[in-house]
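Structure file input-v8.pdb; described as PDB, C-alpha atoms, pLDDT in the B column.
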```
ATOM      1  CA  MET A 603      91.801  66.345  25.881  1.00 47.00           C
ATOM      2  CA  SER A 604      89.825  64.296  28.323  1.00 62.00           C
ATOM      3  CA  ARG A 605      90.120  65.917  31.734  1.00 82.00           C
ATOM      4  CA  ILE A 606      89.747  62.587  33.479  1.00 84.00           C
ATOM      5  CA  GLY A 607      91.882  60.614  31.016  1.00 83.00           C
ATOM      6  CA  LYS A 608      94.931  62.847  31.156  1.00 86.00           C
ATOM      7  CA  GLU A 609      95.078  62.895  34.965  1.00 90.00           C
ATOM      8  CA  PRO A 610      97.790  60.482  36.227  1.00 91.00           C
ATOM      9  CA  ILE A 611      97.101  57.768  38.810  1.00 92.00           C
ATOM     10  CA  ARG A 612      99.524  57.655  41.734  1.00 94.00           C
ATOM     11  CA  ILE A 613     100.262  54.112  42.875  1.00 93.00           C
ATOM     12  CA  PRO A 614     100.328  53.930  46.698  1.00 92.00           C
ATOM     13  CA  SER A 615     102.923  51.847  48.532  1.00 91.00           C
ATOM     14  CA  GLY A 616     101.943  48.197  48.887  1.00 91.00           C
ATOM     15  CA  VAL A 617     100.128  48.174  45.537  1.00 92.00           C
ATOM     16  CA  GLU A 618     101.620  46.352  42.560  1.00 93.00           C
ATOM     17  CA  VAL A 619     100.439  47.177  39.022  1.00 92.00           C
ATOM     18  CA  SER A 620     101.400  45.021  36.038  1.00 92.00           C
ATOM     19  CA  ILE A 621     100.544  45.711  32.395  1.00 91.00           C
ATOM     20  CA  SER A 622     100.691  42.864  29.863  1.00 89.00           C
ATOM     21  CA  ASP A 623     101.336  43.371  26.141  1.00 83.00           C
ATOM     22  CA  LYS A 624      97.678  42.486  25.426  1.00 84.00           C
ATOM     23  CA  ASN A 625      96.542  45.568  27.388  1.00 86.00           C
ATOM     24  CA  VAL A 626      95.468  43.665  30.488  1.00 92.00           C
ATOM     25  CA  VAL A 627      96.049  45.648  33.685  1.00 93.00           C
ATOM     26  CA  THR A 628      96.390  43.708  36.940  1.00 94.00           C
ATOM     27  CA  VAL A 629      96.361  45.499  40.294  1.00 95.00           C
ATOM     28  CA  LYS A 630      97.391  43.648  43.469  1.00 95.00           C
ATOM     29  CA  GLY A 631      97.114  45.170  46.910  1.00 93.00           C
ATOM     30  CA  PRO A 632      96.547  44.348  50.562  1.00 94.00           C
ATOM     31  CA  LYS A 633      92.818  43.607  50.083  1.00 93.00           C
ATOM     32  CA  GLY A 634      93.094  41.471  46.918  1.00 92.00           C
ATOM     33  CA  SER A 635      93.704  41.467  43.201  1.00 94.00           C
ATOM     34  CA  LEU A 636      91.704  42.839  40.230  1.00 94.00           C
ATOM     35  CA  THR A 637      92.211  42.647  36.457  1.00 94.00           C
ATOM     36  CA  GLN A 638      90.826  44.752  33.599  1.00 93.00           C
ATOM     37  CA  THR A 639      91.099  44.121  29.852  1.00 94.00           C
ATOM     38  CA  MET A 640      91.447  47.418  28.011  1.00 91.00           C
ATOM     39  CA  ASP A 641      90.804  48.652  24.474  1.00 89.00           C
ATOM     40  CA  PRO A 642      93.974  48.098  22.381  1.00 90.00           C
ATOM     41  CA  ALA A 643      93.934  51.739  21.235  1.00 90.00           C
ATOM     42  CA  ILE A 644      94.449  53.102  24.769  1.00 91.00           C
ATOM     43  CA  LYS A 645      98.080  52.937  25.888  1.00 91.00           C
ATOM     44  CA  VAL A 646      99.086  52.668  29.547  1.00 91.00           C
ATOM     45  CA  THR A 647     102.563  53.587  30.751  1.00 90.00           C
ATOM     46  CA  LYS A 648     104.007  53.106  34.235  1.00 90.00           C
ATOM     47  CA  GLU A 649     106.794  55.484  35.314  1.00 91.00           C
ATOM     48  CA  ASP A 650     108.052  56.247  38.829  1.00 90.00           C
ATOM     49  CA  GLY A 651     104.948  54.945  40.617  1.00 89.00           C
ATOM     50  CA  VAL A 652     102.544  56.816  38.318  1.00 93.00           C
ATOM     51  CA  LEU A 653     100.216  55.434  35.627  1.00 91.00           C
ATOM     52  CA  ASN A 654      99.549  57.568  32.538  1.00 91.00           C
ATOM     53  CA  PHE A 655      96.938  56.907  29.847  1.00 91.00           C
ATOM     54  CA  SER A 656      97.120  58.108  26.225  1.00 91.00           C
ATOM     55  CA  ARG A 657      94.983  57.760  23.096  1.00 90.00           C
ATOM     56  CA  PRO A 658      96.016  57.761  19.432  1.00 91.00           C
ATOM     57  CA  THR A 659      93.467  60.213  17.965  1.00 91.00           C
ATOM     58  CA  ASP A 660      90.653  62.573  18.917  1.00 89.00           C
ATOM     59  CA  LEU A 661      87.904  60.341  17.521  1.00 90.00           C
ATOM     60  CA  LYS A 662      84.826  60.207  19.748  1.00 90.00           C
ATOM     61  CA  HIS A 663      85.365  56.503  20.483  1.00 90.00           C
ATOM     62  CA  HIS A 664      88.983  57.077  21.547  1.00 90.00           C
ATOM     63  CA  ARG A 665      88.059  60.062  23.718  1.00 88.00           C
ATOM     64  CA  SER A 666      85.359  58.117  25.562  1.00 89.00           C
ATOM     65  CA  MET A 667      87.575  55.040  26.081  1.00 91.00           C
ATOM     66  CA  HIS A 668      90.431  57.239  27.342  1.00 91.00           C
ATOM     67  CA  GLY A 669      88.455  58.554  30.321  1.00 91.00           C
ATOM     68  CA  LEU A 670      86.637  55.272  30.926  1.00 92.00           C
ATOM     69  CA  TYR A 671      89.699  53.078  31.328  1.00 93.00           C
ATOM     70  CA  ARG A 672      91.524  55.657  33.427  1.00 92.00           C
ATOM     71  CA  ALA A 673      88.528  55.772  35.808  1.00 94.00           C
ATOM     72  CA  LEU A 674      88.246  51.954  35.932  1.00 94.00           C
ATOM     73  CA  VAL A 675      91.931  51.508  36.794  1.00 94.00           C
ATOM     74  CA  ALA A 676      91.745  54.314  39.400  1.00 94.00           C
ATOM     75  CA  ASN A 677      88.803  52.491  41.017  1.00 95.00           C
ATOM     76  CA  MET A 678      90.807  49.243  40.993  1.00 95.00           C
ATOM     77  CA  VAL A 679      93.735  50.932  42.780  1.00 94.00           C
ATOM     78  CA  GLU A 680      91.392  52.457  45.378  1.00 94.00           C
ATOM     79  CA  GLY A 681      89.527  49.157  45.780  1.00 94.00           C
ATOM     80  CA  VAL A 682      92.601  47.045  46.601  1.00 94.00           C
ATOM     81  CA  THR A 683      93.806  49.645  49.132  1.00 95.00           C
ATOM     82  CA  LYS A 684      90.641  50.960  50.871  1.00 94.00           C
ATOM     83  CA  GLY A 685      87.724  49.002  49.410  1.00 94.00           C
ATOM     84  CA  PHE A 686      84.200  50.216  48.708  1.00 96.00           C
ATOM     85  CA  SER A 687      81.007  49.942  50.736  1.00 96.00           C
ATOM     86  CA  THR A 688      77.342  50.752  50.322  1.00 96.00           C
ATOM     87  CA  GLU A 689      74.319  50.700  52.613  1.00 96.00           C
ATOM     88  CA  GLN A 690      70.678  50.166  51.686  1.00 96.00           C
ATOM     89  CA  GLU A 691      67.650  50.409  53.941  1.00 95.00           C
ATOM     90  CA  LEU A 692      64.345  48.556  53.663  1.00 95.00           C
ATOM     91  CA  VAL A 693      61.417  50.908  54.279  1.00 93.00           C
ATOM     92  CA  GLY A 694      58.083  49.186  54.819  1.00 90.00           C
ATOM     93  CA  VAL A 695      56.068  47.256  57.359  1.00 91.00           C
ATOM     94  CA  GLY A 696      57.389  43.706  57.690  1.00 90.00           C
ATOM     95  CA  TYR A 697      60.384  44.249  55.405  1.00 93.00           C
ATOM     96  CA  ARG A 698      63.339  42.236  56.732  1.00 94.00           C
ATOM     97  CA  ALA A 699      66.796  41.129  55.638  1.00 95.00           C
ATOM     98  CA  THR A 700      69.000  38.326  56.917  1.00 95.00           C
ATOM     99  CA  ALA A 701      72.497  37.477  55.707  1.00 94.00           C
ATOM    100  CA  LYS A 702      73.987  33.998  55.977  1.00 93.00           C
ATOM    101  CA  GLY A 703      77.425  33.763  54.392  1.00 89.00           C
ATOM    102  CA  GLN A 704      77.067  34.717  50.730  1.00 92.00           C
ATOM    103  CA  GLN A 705      73.251  34.459  50.770  1.00 94.00           C
ATOM    104  CA  LEU A 706      70.936  37.371  51.381  1.00 94.00           C
ATOM    105  CA  GLN A 707      67.318  36.579  52.274  1.00 95.00           C
ATOM    106  CA  LEU A 708      64.867  39.448  51.835  1.00 94.00           C
ATOM    107  CA  SER A 709      61.265  39.702  52.952  1.00 94.00           C
ATOM    108  CA  LEU A 710      59.815  42.511  50.807  1.00 92.00           C
ATOM    109  CA  GLY A 711      56.060  42.031  51.041  1.00 91.00           C
ATOM    110  CA  PHE A 712      55.834  39.332  48.380  1.00 91.00           C
ATOM    111  CA  SER A 713      54.169  35.986  49.043  1.00 94.00           C
ATOM    112  CA  HIS A 714      57.649  34.435  49.209  1.00 94.00           C
ATOM    113  CA  ASN A 715      61.076  35.456  50.495  1.00 94.00           C
ATOM    114  CA  VAL A 716      63.626  36.528  47.898  1.00 95.00           C
ATOM    115  CA  ILE A 717      66.976  34.718  48.210  1.00 95.00           C
ATOM    116  CA  LEU A 718      70.034  36.193  46.469  1.00 94.00           C
ATOM    117  CA  ASP A 719      73.371  34.406  46.069  1.00 95.00           C
ATOM    118  CA  LEU A 720      76.068  37.084  46.143  1.00 94.00           C
ATOM    119  CA  PRO A 721      79.504  36.872  44.469  1.00 94.00           C
ATOM    120  CA  LYS A 722      82.438  35.855  46.689  1.00 93.00           C
ATOM    121  CA  VAL A 723      84.065  39.295  46.315  1.00 93.00           C
ATOM    122  CA  VAL A 724      81.076  40.993  48.004  1.00 94.00           C
ATOM    123  CA  SER A 725      80.666  40.625  51.775  1.00 95.00           C
ATOM    124  CA  VAL A 726      77.241  41.387  53.200  1.00 95.00           C
ATOM    125  CA  SER A 727      75.726  41.973  56.627  1.00 95.00           C
ATOM    126  CA  ALA A 728      72.197  42.849  57.688  1.00 94.00           C
ATOM    127  CA  VAL A 729      71.542  45.072  60.711  1.00 93.00           C
ATOM    128  CA  GLN A 730      68.103  45.163  62.302  1.00 91.00           C
ATOM    129  CA  GLU A 731      67.563  47.509  65.271  1.00 89.00           C
ATOM    130  CA  LYS A 732      64.256  47.857  67.051  1.00 89.00           C
ATOM    131  CA  GLY A 733      62.333  50.922  65.906  1.00 89.00           C
ATOM    132  CA  LYS A 734      64.529  51.474  62.841  1.00 92.00           C
ATOM    133  CA  ASN A 735      64.467  50.250  59.261  1.00 92.00           C
ATOM    134  CA  PRO A 736      66.613  47.182  58.464  1.00 94.00           C
ATOM    135  CA  VAL A 737      69.935  48.097  56.805  1.00 95.00           C
ATOM    136  CA  ILE A 738      71.959  45.980  54.367  1.00 96.00           C
ATOM    137  CA  LYS A 739      75.706  46.751  54.424  1.00 96.00           C
ATOM    138  CA  MET A 740      77.876  45.489  51.573  1.00 96.00           C
ATOM    139  CA  GLU A 741      81.633  45.757  51.075  1.00 95.00           C
ATOM    140  CA  SER A 742      83.849  44.810  48.135  1.00 95.00           C
ATOM    141  CA  ILE A 743      87.090  45.680  46.364  1.00 95.00           C
ATOM    142  CA  ASP A 744      85.316  45.764  42.985  1.00 95.00           C
ATOM    143  CA  LYS A 745      83.276  48.965  42.598  1.00 95.00           C
ATOM    144  CA  GLN A 746      81.498  47.827  39.407  1.00 94.00           C
ATOM    145  CA  LEU A 747      80.356  44.534  40.907  1.00 95.00           C
ATOM    146  CA  LEU A 748      79.245  46.193  44.160  1.00 96.00           C
ATOM    147  CA  GLY A 749      77.148  48.716  42.216  1.00 96.00           C
ATOM    148  CA  ALA A 750      75.580  45.969  40.107  1.00 96.00           C
ATOM    149  CA  VAL A 751      74.621  43.928  43.182  1.00 96.00           C
ATOM    150  CA  ALA A 752      73.186  47.009  44.932  1.00 96.00           C
ATOM    151  CA  ALA A 753      71.168  47.896  41.812  1.00 96.00           C
ATOM    152  CA  LYS A 754      69.824  44.321  41.638  1.00 96.00           C
ATOM    153  CA  ILE A 755      68.683  44.466  45.274  1.00 95.00           C
ATOM    154  CA  ARG A 756      67.071  47.883  44.731  1.00 95.00           C
ATOM    155  CA  SER A 757      65.268  46.652  41.596  1.00 95.00           C
ATOM    156  CA  LEU A 758      63.442  43.983  43.627  1.00 94.00           C
ATOM    157  CA  ARG A 759      61.275  46.666  45.272  1.00 93.00           C
ATOM    158  CA  LYS A 760      61.982  50.223  44.106  1.00 94.00           C
ATOM    159  CA  PRO A 761      60.843  53.031  46.430  1.00 93.00           C
ATOM    160  CA  GLU A 762      57.361  54.142  45.474  1.00 92.00           C
ATOM    161  CA  PRO A 763      56.566  57.879  45.428  1.00 92.00           C
ATOM    162  CA  TYR A 764      53.453  57.916  47.650  1.00 91.00           C
ATOM    163  CA  LYS A 765      54.528  56.272  50.915  1.00 89.00           C
ATOM    164  CA  GLY A 766      58.229  55.830  50.145  1.00 88.00           C
ATOM    165  CA  LYS A 767      58.146  52.071  50.744  1.00 93.00           C
ATOM    166  CA  GLY A 768      60.847  49.957  49.140  1.00 94.00           C
ATOM    167  CA  VAL A 769      64.615  49.436  49.045  1.00 95.00           C
ATOM    168  CA  ARG A 770      66.638  52.658  48.982  1.00 94.00           C
ATOM    169  CA  PHE A 771      70.212  53.713  49.564  1.00 95.00           C
ATOM    170  CA  VAL A 772      70.914  55.242  52.978  1.00 93.00           C
ATOM    171  CA  GLY A 773      70.679  59.000  52.540  1.00 90.00           C
ATOM    172  CA  GLU A 774      68.833  58.768  49.203  1.00 89.00           C
ATOM    173  CA  ASN A 775      66.159  61.407  48.780  1.00 90.00           C
ATOM    174  CA  ILE A 776      62.910  60.009  47.326  1.00 89.00           C
ATOM    175  CA  ARG A 777      60.704  62.466  45.463  1.00 91.00           C
ATOM    176  CA  ARG A 778      57.293  62.159  47.075  1.00 90.00           C
ATOM    177  CA  LYS A 779      53.914  62.823  45.458  1.00 89.00           C
ATOM    178  CA  ALA A 780      50.726  64.034  47.077  1.00 87.00           C
ATOM    179  CA  GLY A 781      47.937  61.473  47.358  1.00 83.00           C
ATOM    180  CA  LYS A 782      44.396  61.860  46.068  1.00 82.00           C
ATOM    181  CA  ALA A 783      42.701  65.188  46.649  1.00 76.00           C
ATOM    182  CA  ALA A 784      40.147  65.163  49.466  1.00 61.00           C
ATOM    183  CA  GLY A 785      36.504  64.630  48.491  1.00 56.00           C
ATOM    184  CA  LYS A 786      34.075  67.559  48.171  1.00 55.00           C
TER     185      LYS A 786
END
```
Before anything else, please render the file you have as structure tokens.
Amino acid sequence: MSRIGKEPIRIPSGVEVSISDKNVVTVKGPKGSLTQTMDPAIKVTKEDGVLNFSRPTDLKHHRSMHGLYRALVANMVEGVTKGFSTEQELVGVGYRATAKGQQLQLSLGFSHNVILDLPKVVSVSAVQEKGKNPVIKMESIDKQLLGAVAAKIRSLRKPEPYKGKGVRFVGENIRRKAGKAAGK
């Protein structure tokens, strides 16, 4: 059995979960609403404020989908109650970030500023304190979308191993390399 898939999801108070006959799960809570279309083989049952997931066979495909959809729905329940957040810092001379509504403008050492239009579900703010690296803070109820947006921002200027310059997550440990050996 899948250890993750067989674990039940407790539905907190204030959260409403509905399951349609086409295996579409909708979760509504105080922060918003999310939907997820599931594989028809995975069955979801709702009993006494608890969601249970089951699979028909032990085929590899069914085992992997069992744990996947249970984790996705658990993230949806957590997202509509608490929400998710991530922070990224810009390490480098002259690296800056400004947020205006759903637009994020980044100055990452290119000849031009990079402007990103963010989805409406993701809220962004940029904090710039004197003497510290600029920090981008993002919040959302959708964990998948938040991770995709954070990965896109990081891919614009990945941290390089020699000086550590680039976009990194707050608390991320960058593996550093030694520079050239000194001359003879």
Region 603-696 of chain A near region 755-760 of chain A within 10 Å: what's each residue's closest atom pair and its distance in Å to one decimal, counting all atoms listed in the file, ordered by chain then ascending residue number, as a tab-separated table?
```
residue	atom	partner	partner_atom	distance
A:Gln690	CA	A:Arg756	CA	8.2
A:Glu691	CA	A:Arg756	CA	9.6
A:Leu692	CA	A:Arg759	CA	9.1
A:Val693	CA	A:Arg759	CA	10.0
```
Inset, instruction - Would you list the contacts of Asn715 (chain A) as a count of residues only, taking every protein, DNA or RNA residue within 10 Å and counting all atoms listed in the file, but skipping same-chain residues closer than 6 positions in sequence? - result: 5
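This file gives the following result for the PyMOL selection byres ((chain A and resi 739-746) around 8): Lys633, Gly634, Leu636, Asn677, Met678, Gly681, Val682, Lys684, Gly685, Phe686, Ser687, Thr688, Glu689, Gln690, Val723, Val724, Ser725, Val726, Ser727, Ala728, Val729, Val737, Ile738, Leu747, Leu748, Gly749 and Ala750 of chain A.
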Inset, instruction - Determine, counting all atoms listed in the file, which protein, DNA and RNA residues have an atom within 8 Å of an atom of region 710-712 of chain A; residues of the same chain fewer than 4 positions away are not included. Present the result as a PyMOL selection string. - result: chain A and resi 694+696-698+716+759+768
Those same residues - C-alpha atoms - I'd like them written as a PDB file, keeping the file's coordinate frame.
```
ATOM      1  CA  GLY A 694      58.083  49.186  54.819  1.00 90.00           C
ATOM      2  CA  GLY A 696      57.389  43.706  57.690  1.00 90.00           C
ATOM      3  CA  TYR A 697      60.384  44.249  55.405  1.00 93.00           C
ATOM      4  CA  ARG A 698      63.339  42.236  56.732  1.00 94.00           C
ATOM      5  CA  VAL A 716      63.626  36.528  47.898  1.00 95.00           C
ATOM      6  CA  ARG A 759      61.275  46.666  45.272  1.00 93.00           C
ATOM      7  CA  GLY A 768      60.847  49.957  49.140  1.00 94.00           C
TER       8      GLY A 768
END
```
Legend entry - Hits of the PyMOL selection byres ((chain A and resi 624-629) around 9) in this structure, as an NGL selection string: :A and (617-623 or 630-631 or 634-642 or 644-646 or 675 or 678-679 or 682)
